[in-house]
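J.: Let me give you the structure first, and then I'll get to my questions.
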Amino acid sequence: MANDTSVTKTATPAVPTAEPLTLPCGVTIKNRFYKSAMNEALAGRDCAPTGAHVRLYREWAHGGAGVLVTGNVMVDRAQLGEPGNIAVEDERDLAMLRRWAAADTENGAHCWMQINHPGRQSPITINPHPLAPSGGKVDGEYGRFFAEPTELTREQIRDIIRRFANTARIAKKAGFTGVEIHAAHGYLINQFLSPLDNRRADEYGGGLANRARFLFDVFDAVRKAVGPDFPIAVKLNSSDVPIAVKVSERDGAPGGFNEEESIWVMKQLEARGADLIDISGGTYAKPVIQTNGGAAEDRRRGVYFTDFARRVKGELTVPVALTGGFRSAADMNRALDEGITQMIGIARPLALVPDLPNRIIRDGWQGSVDLPRVTTGIKPLDKTFGGILVISWFELQMHRIARGHRPDPHIGGMRALLFAVKQHGPAALAPRRRKGRQ
């Protein structure tokens with residue numbers, strides 16, 4: 001639909017991205033394109049899905065991806081991670097959820113609902129009373145935008161586990177074909193995994209087995225709720241450290257969740273019956289990348305997490321989705337041929353080229369998607385709102401698609417900021433998660 005000038009078209013004899021994939025639960029995905037989660041910011045004040053979600057995901061479904069993963073769907077309406085989040089904690093919105101799922105699964109696509117709880121990573125503008133494994137404010141330059149959380153009691157932990165299972169049950173009832181449990185990017189499950197955030201002295205804190213207990217309890221409860229033949233993916237950090245760091249720091253932030261621990265958790269999830277691991281990295285306080293260099297930065301960085309993906313290649317049999325930095329068909333096919341991933345995770349390119357999978361598989365497209373550098377043209381504004389600016393710009397593109405318009409890569413950063421304020425009020429200018437560009 002957009003950004004045609006970024007493409008150089010040549011013939012290709014083989015298309016690894018077109019190969020189907022059968023998951024451990026027995027479900028077969030039609031191809032290797034995994035549309036990763038992006039917050040659509042389309043929900044109203046009631047946290048309900050809308051017709052805009054239906055139109056946006058129908059466009060993506062007909063764009064050819066094998067799996068579409070929704071943006072964050074929170075399991076508690078009182079605990080949101082970003083403005084415009086959907087929350088599913090009961091069946092009040094079942095009719096619209098069914099419309100959304102039906103559109104998502106047109107053209108043979110799967111649609112998996114990403115289910116999440118933000119924990120302490122919930123901006124004070126939308127949640128003055130966050131919950132977390134332990135007390136203590138969010139670290140980093142944006143910590144002032146978050147209220148200090150209350151430490152969860154065992155009873156509250158059991159309630160959240162129940163909520164994850166219930167949201168998954170409703171997703172299946174509505175017609176979604178899988179769920180992804182979000183255990184990355186500094187949200188609640190990641191907070192339990194990290195010894196920096198989790199200082200509990202009970203069975204949910206201490207050593208890794210205890211810190212991972214909450215994730216395993218959530219996974220087991222979700223599996224019980226949806227049955228053995230329903231796909232469950234888990235999004236998990238390779239480590240909590242930013243990837244743009246010195247090699248000596250690659251094992252993670254001091255005291256944080258690191259690569260060795262991540263591999264152990266992945267193996268446990270595989271043994272429990274996970275159908276896919278979605279590899280990511282970073283947290284709110286230590287985001288994967290903070291630059292906004294556009295295509296030039298993307299070319300310098302390349303595909304994210306490839307070193308870690310190569311490391312786990314011989315450790316796991318469960319399929320892996322590698323997300324972040326895929327911009328060209330050549331990089332996608334190379335990653336599949338090398339066996340470092342079984343699914344190609346892409347997100348932001350699909351906000352500019354919604355039919356990218358079709359272009360690559362059907363049309364033999366061999367170009368690259370060049371993401372622009374988003375700027376207001378005013379350096380102090382760019383510095384102050386850099387992460388929010390970029391997120392809002394891509395949300396604006398998704399809103400355009402949902403209204404039946406073409407994406408517009410020429411929209412400026414100032415318009416994106418004004419759009420954010422118009423949609424969400426002052427809460428839009430509070431920082432949200434700033435993970436790596438996908």
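Identifiers in the structure tokens: chain A, B, ... in order shown; residue index from 1 per chain; ligand index from 1 in order shown.
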Considering only C-alpha atoms, return as a ChimeraX atom specification whatever protein or nucleic-acid residues lie within 12 Å of Gln79 (chain A), sequence-local ones (same chain, fewer than 4 positions apart) excluded.

T.: /A:47,72-75,83,85-89,116-132,149,160,163,187-188

J.: What does the file look like for those residues with C-alpha atoms, as a PDB file, in the first residue's frame?

T.:
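Resulting contents of out15.pdb:
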ATOM      1  CA  CYS A  47     -11.037  -0.615  26.905  1.00  0.00           C
ATOM      2  CA  ASN A  72      -1.449  -5.817  24.286  1.00  0.00           C
ATOM      3  CA  VAL A  73      -4.745  -7.135  25.635  1.00  0.00           C
ATOM      4  CA  MET A  74      -4.699  -6.552  29.367  1.00  0.00           C
ATOM      5  CA  VAL A  75      -6.252  -9.034  31.780  1.00  0.00           C
ATOM      6  CA  PRO A  83      -3.377   4.524  26.522  1.00  0.00           C
ATOM      7  CA  ASN A  85      -5.170  -0.734  25.508  1.00  0.00           C
ATOM      8  CA  ILE A  86      -7.907  -3.311  25.168  1.00  0.00           C
ATOM      9  CA  ALA A  87      -8.792  -5.178  28.344  1.00  0.00           C
ATOM     10  CA  VAL A  88     -10.644  -8.503  28.434  1.00  0.00           C
ATOM     11  CA  GLU A  89     -11.638  -9.675  31.887  1.00  0.00           C
ATOM     12  CA  ASN A 116      -0.559  -9.191  29.441  1.00  0.00           C
ATOM     13  CA  HIS A 117      -0.456  -7.427  32.794  1.00  0.00           C
ATOM     14  CA  PRO A 118       1.775  -4.338  33.120  1.00  0.00           C
ATOM     15  CA  GLY A 119       2.731  -4.630  36.771  1.00  0.00           C
ATOM     16  CA  ARG A 120       4.520  -1.482  37.851  1.00  0.00           C
ATOM     17  CA  GLN A 121       5.030  -0.432  34.199  1.00  0.00           C
ATOM     18  CA  SER A 122       1.734   1.441  34.053  1.00  0.00           C
ATOM     19  CA  PRO A 123       1.932   5.242  33.629  1.00  0.00           C
ATOM     20  CA  ILE A 124       0.655   7.303  36.550  1.00  0.00           C
ATOM     21  CA  THR A 125      -1.595   9.226  34.148  1.00  0.00           C
ATOM     22  CA  ILE A 126      -3.725   6.117  33.651  1.00  0.00           C
ATOM     23  CA  ASN A 127      -2.985   4.131  36.819  1.00  0.00           C
ATOM     24  CA  PRO A 128      -2.039   5.722  40.161  1.00  0.00           C
ATOM     25  CA  HIS A 129      -2.095   2.333  41.929  1.00  0.00           C
ATOM     26  CA  PRO A 130       0.100  -0.182  40.082  1.00  0.00           C
ATOM     27  CA  LEU A 131       0.942  -3.635  41.400  1.00  0.00           C
ATOM     28  CA  ALA A 132       4.283  -5.430  41.238  1.00  0.00           C
ATOM     29  CA  PRO A 149       3.689   0.057  43.138  1.00  0.00           C
ATOM     30  CA  ILE A 160      -3.862 -12.524  38.241  1.00  0.00           C
ATOM     31  CA  ARG A 163      -7.262 -13.597  34.986  1.00  0.00           C
ATOM     32  CA  TYR A 187       5.886  -5.993  32.161  1.00  0.00           C
ATOM     33  CA  LEU A 188       4.653  -7.997  35.155  1.00  0.00           C
TER      34      LEU A 188
END

J.: What's the 9 Å shell around Arg272 (chain A), counting only C-alpha atoms, without same-chain residues fewer than 5 positions away, as a count of residues only?

T.: 4

J.: Can you list, as a list of chain:residue names, every residue of region 150-266 of chain A that DSSP puts in strand (DSSP E)?

T.: A:Thr150, A:Glu151, A:Gly178, A:Val179, A:Glu180, A:Ile181, A:His182, A:Ala183, A:Ile232, A:Ala233, A:Val234, A:Lys235, A:Leu236, A:Asn237

J.: Report the distance between CA of Pro195 (chain A) and CA of Phe257 (chain A) in Å, rounded to one decimal place.

T.: 6.9 Å

J.: So that I can see what lies close to region 347-361 of chain A, please list as a PyMOL selection string the residues with an atom at most 8 Å from it, counting only C-alpha atoms and leaving out residues fewer than 6 positions away in the same chain.

T.: chain A and resi 1-3+15+17-18+33+35-38+59-60+62-65+324+327+329+369+371+394+397-398+407-409+437-438

J.: Go ahead and dump the residues you just picked, N, CA and C atoms, as a compact mmCIF listing (two decimals), in the first residue's frame.

T.:
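What ended up in part.txt:
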# COMPACT_ATOMS: atom_id res chain seq x y z
N MET A 1 0.81 -1.22 0.00
CA MET A 1 0.00 0.00 0.00
C MET A 1 0.84 1.26 0.00
N ALA A 2 2.05 1.19 0.61
CA ALA A 2 2.85 2.40 0.73
C ALA A 2 4.31 2.09 0.60
N ASN A 3 5.09 3.17 0.42
CA ASN A 3 6.53 3.07 0.44
C ASN A 3 7.07 2.23 -0.73
N VAL A 15 11.25 -19.44 -2.07
CA VAL A 15 10.75 -18.51 -1.07
C VAL A 15 10.58 -19.27 0.25
N THR A 17 10.08 -18.20 3.11
CA THR A 17 9.02 -17.62 3.94
C THR A 17 7.65 -18.20 3.61
N ALA A 18 7.52 -18.86 2.44
CA ALA A 18 6.23 -19.41 2.04
C ALA A 18 5.98 -20.80 2.62
N PHE A 33 5.49 -15.87 8.16
CA PHE A 33 5.37 -14.47 8.57
C PHE A 33 4.57 -14.37 9.87
N LYS A 35 3.30 -11.60 12.30
CA LYS A 35 3.09 -10.18 12.58
C LYS A 35 3.13 -9.97 14.08
N SER A 36 4.21 -9.37 14.57
CA SER A 36 4.40 -9.20 16.01
C SER A 36 3.51 -8.09 16.56
N ALA A 37 3.38 -8.09 17.87
CA ALA A 37 2.44 -7.18 18.53
C ALA A 37 2.88 -5.73 18.44
N MET A 38 1.93 -4.86 18.16
CA MET A 38 2.08 -3.41 18.29
C MET A 38 0.83 -2.89 18.97
N GLU A 59 -7.22 -5.97 6.90
CA GLU A 59 -6.21 -5.55 5.93
C GLU A 59 -4.94 -6.40 6.06
N TRP A 60 -4.49 -6.60 7.30
CA TRP A 60 -3.30 -7.41 7.51
C TRP A 60 -3.53 -8.88 7.13
N HIS A 62 -5.46 -10.07 4.84
CA HIS A 62 -5.40 -10.19 3.38
C HIS A 62 -4.04 -9.81 2.84
N GLY A 63 -3.17 -9.24 3.71
CA GLY A 63 -1.80 -8.95 3.30
C GLY A 63 -0.92 -10.17 3.28
N GLY A 64 -1.39 -11.29 3.83
CA GLY A 64 -0.69 -12.55 3.62
C GLY A 64 0.07 -13.16 4.78
N ALA A 65 0.11 -12.53 5.96
CA ALA A 65 0.86 -13.10 7.07
C ALA A 65 0.24 -14.40 7.55
N GLY A 324 12.37 -8.22 15.09
CA GLY A 324 13.13 -6.98 15.21
C GLY A 324 14.20 -6.84 14.16
N ARG A 327 14.01 -6.17 7.51
CA ARG A 327 13.57 -5.15 6.57
C ARG A 327 13.59 -5.65 5.13
N ALA A 329 13.65 -9.11 2.22
CA ALA A 329 13.37 -10.52 1.97
C ALA A 329 14.64 -11.35 2.10
N VAL A 369 12.18 -2.53 3.17
CA VAL A 369 11.29 -1.49 3.68
C VAL A 369 12.14 -0.50 4.46
N LEU A 371 12.25 2.38 6.90
CA LEU A 371 11.48 3.15 7.86
C LEU A 371 12.08 4.55 7.99
N PHE A 394 3.72 5.53 14.40
CA PHE A 394 3.25 4.25 13.87
C PHE A 394 1.79 3.98 14.25
N GLN A 397 -0.22 5.66 11.63
CA GLN A 397 -0.30 4.88 10.40
C GLN A 397 -1.34 3.77 10.53
N MET A 398 -1.39 3.11 11.69
CA MET A 398 -2.39 2.06 11.88
C MET A 398 -3.80 2.63 11.89
N PRO A 407 -1.22 4.11 4.21
CA PRO A 407 -0.18 4.67 5.09
C PRO A 407 0.55 5.79 4.35
N ASP A 408 1.08 6.72 5.11
CA ASP A 408 1.77 7.86 4.51
C ASP A 408 3.12 8.04 5.20
N PRO A 409 4.20 7.58 4.58
CA PRO A 409 5.52 7.69 5.22
C PRO A 409 6.03 9.11 5.32
N ARG A 437 12.81 -1.15 17.85
CA ARG A 437 11.94 -1.02 16.69
C ARG A 437 11.85 -2.38 16.00
N GLN A 438 10.64 -2.74 15.61
CA GLN A 438 10.43 -4.03 14.98
C GLN A 438 10.10 -3.87 13.52

J.: From the set A:Met266, A:Thr167, A:Arg334, A:Asp363, which residue has the shortest atom-to-atom contact distance to Asp76 (chain A), counting only C-alpha atoms?

T.: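 Nearest candidate to Asp76 (chain A) out of A:Met266, A:Thr167, A:Arg334, A:Asp363: A:Thr167.
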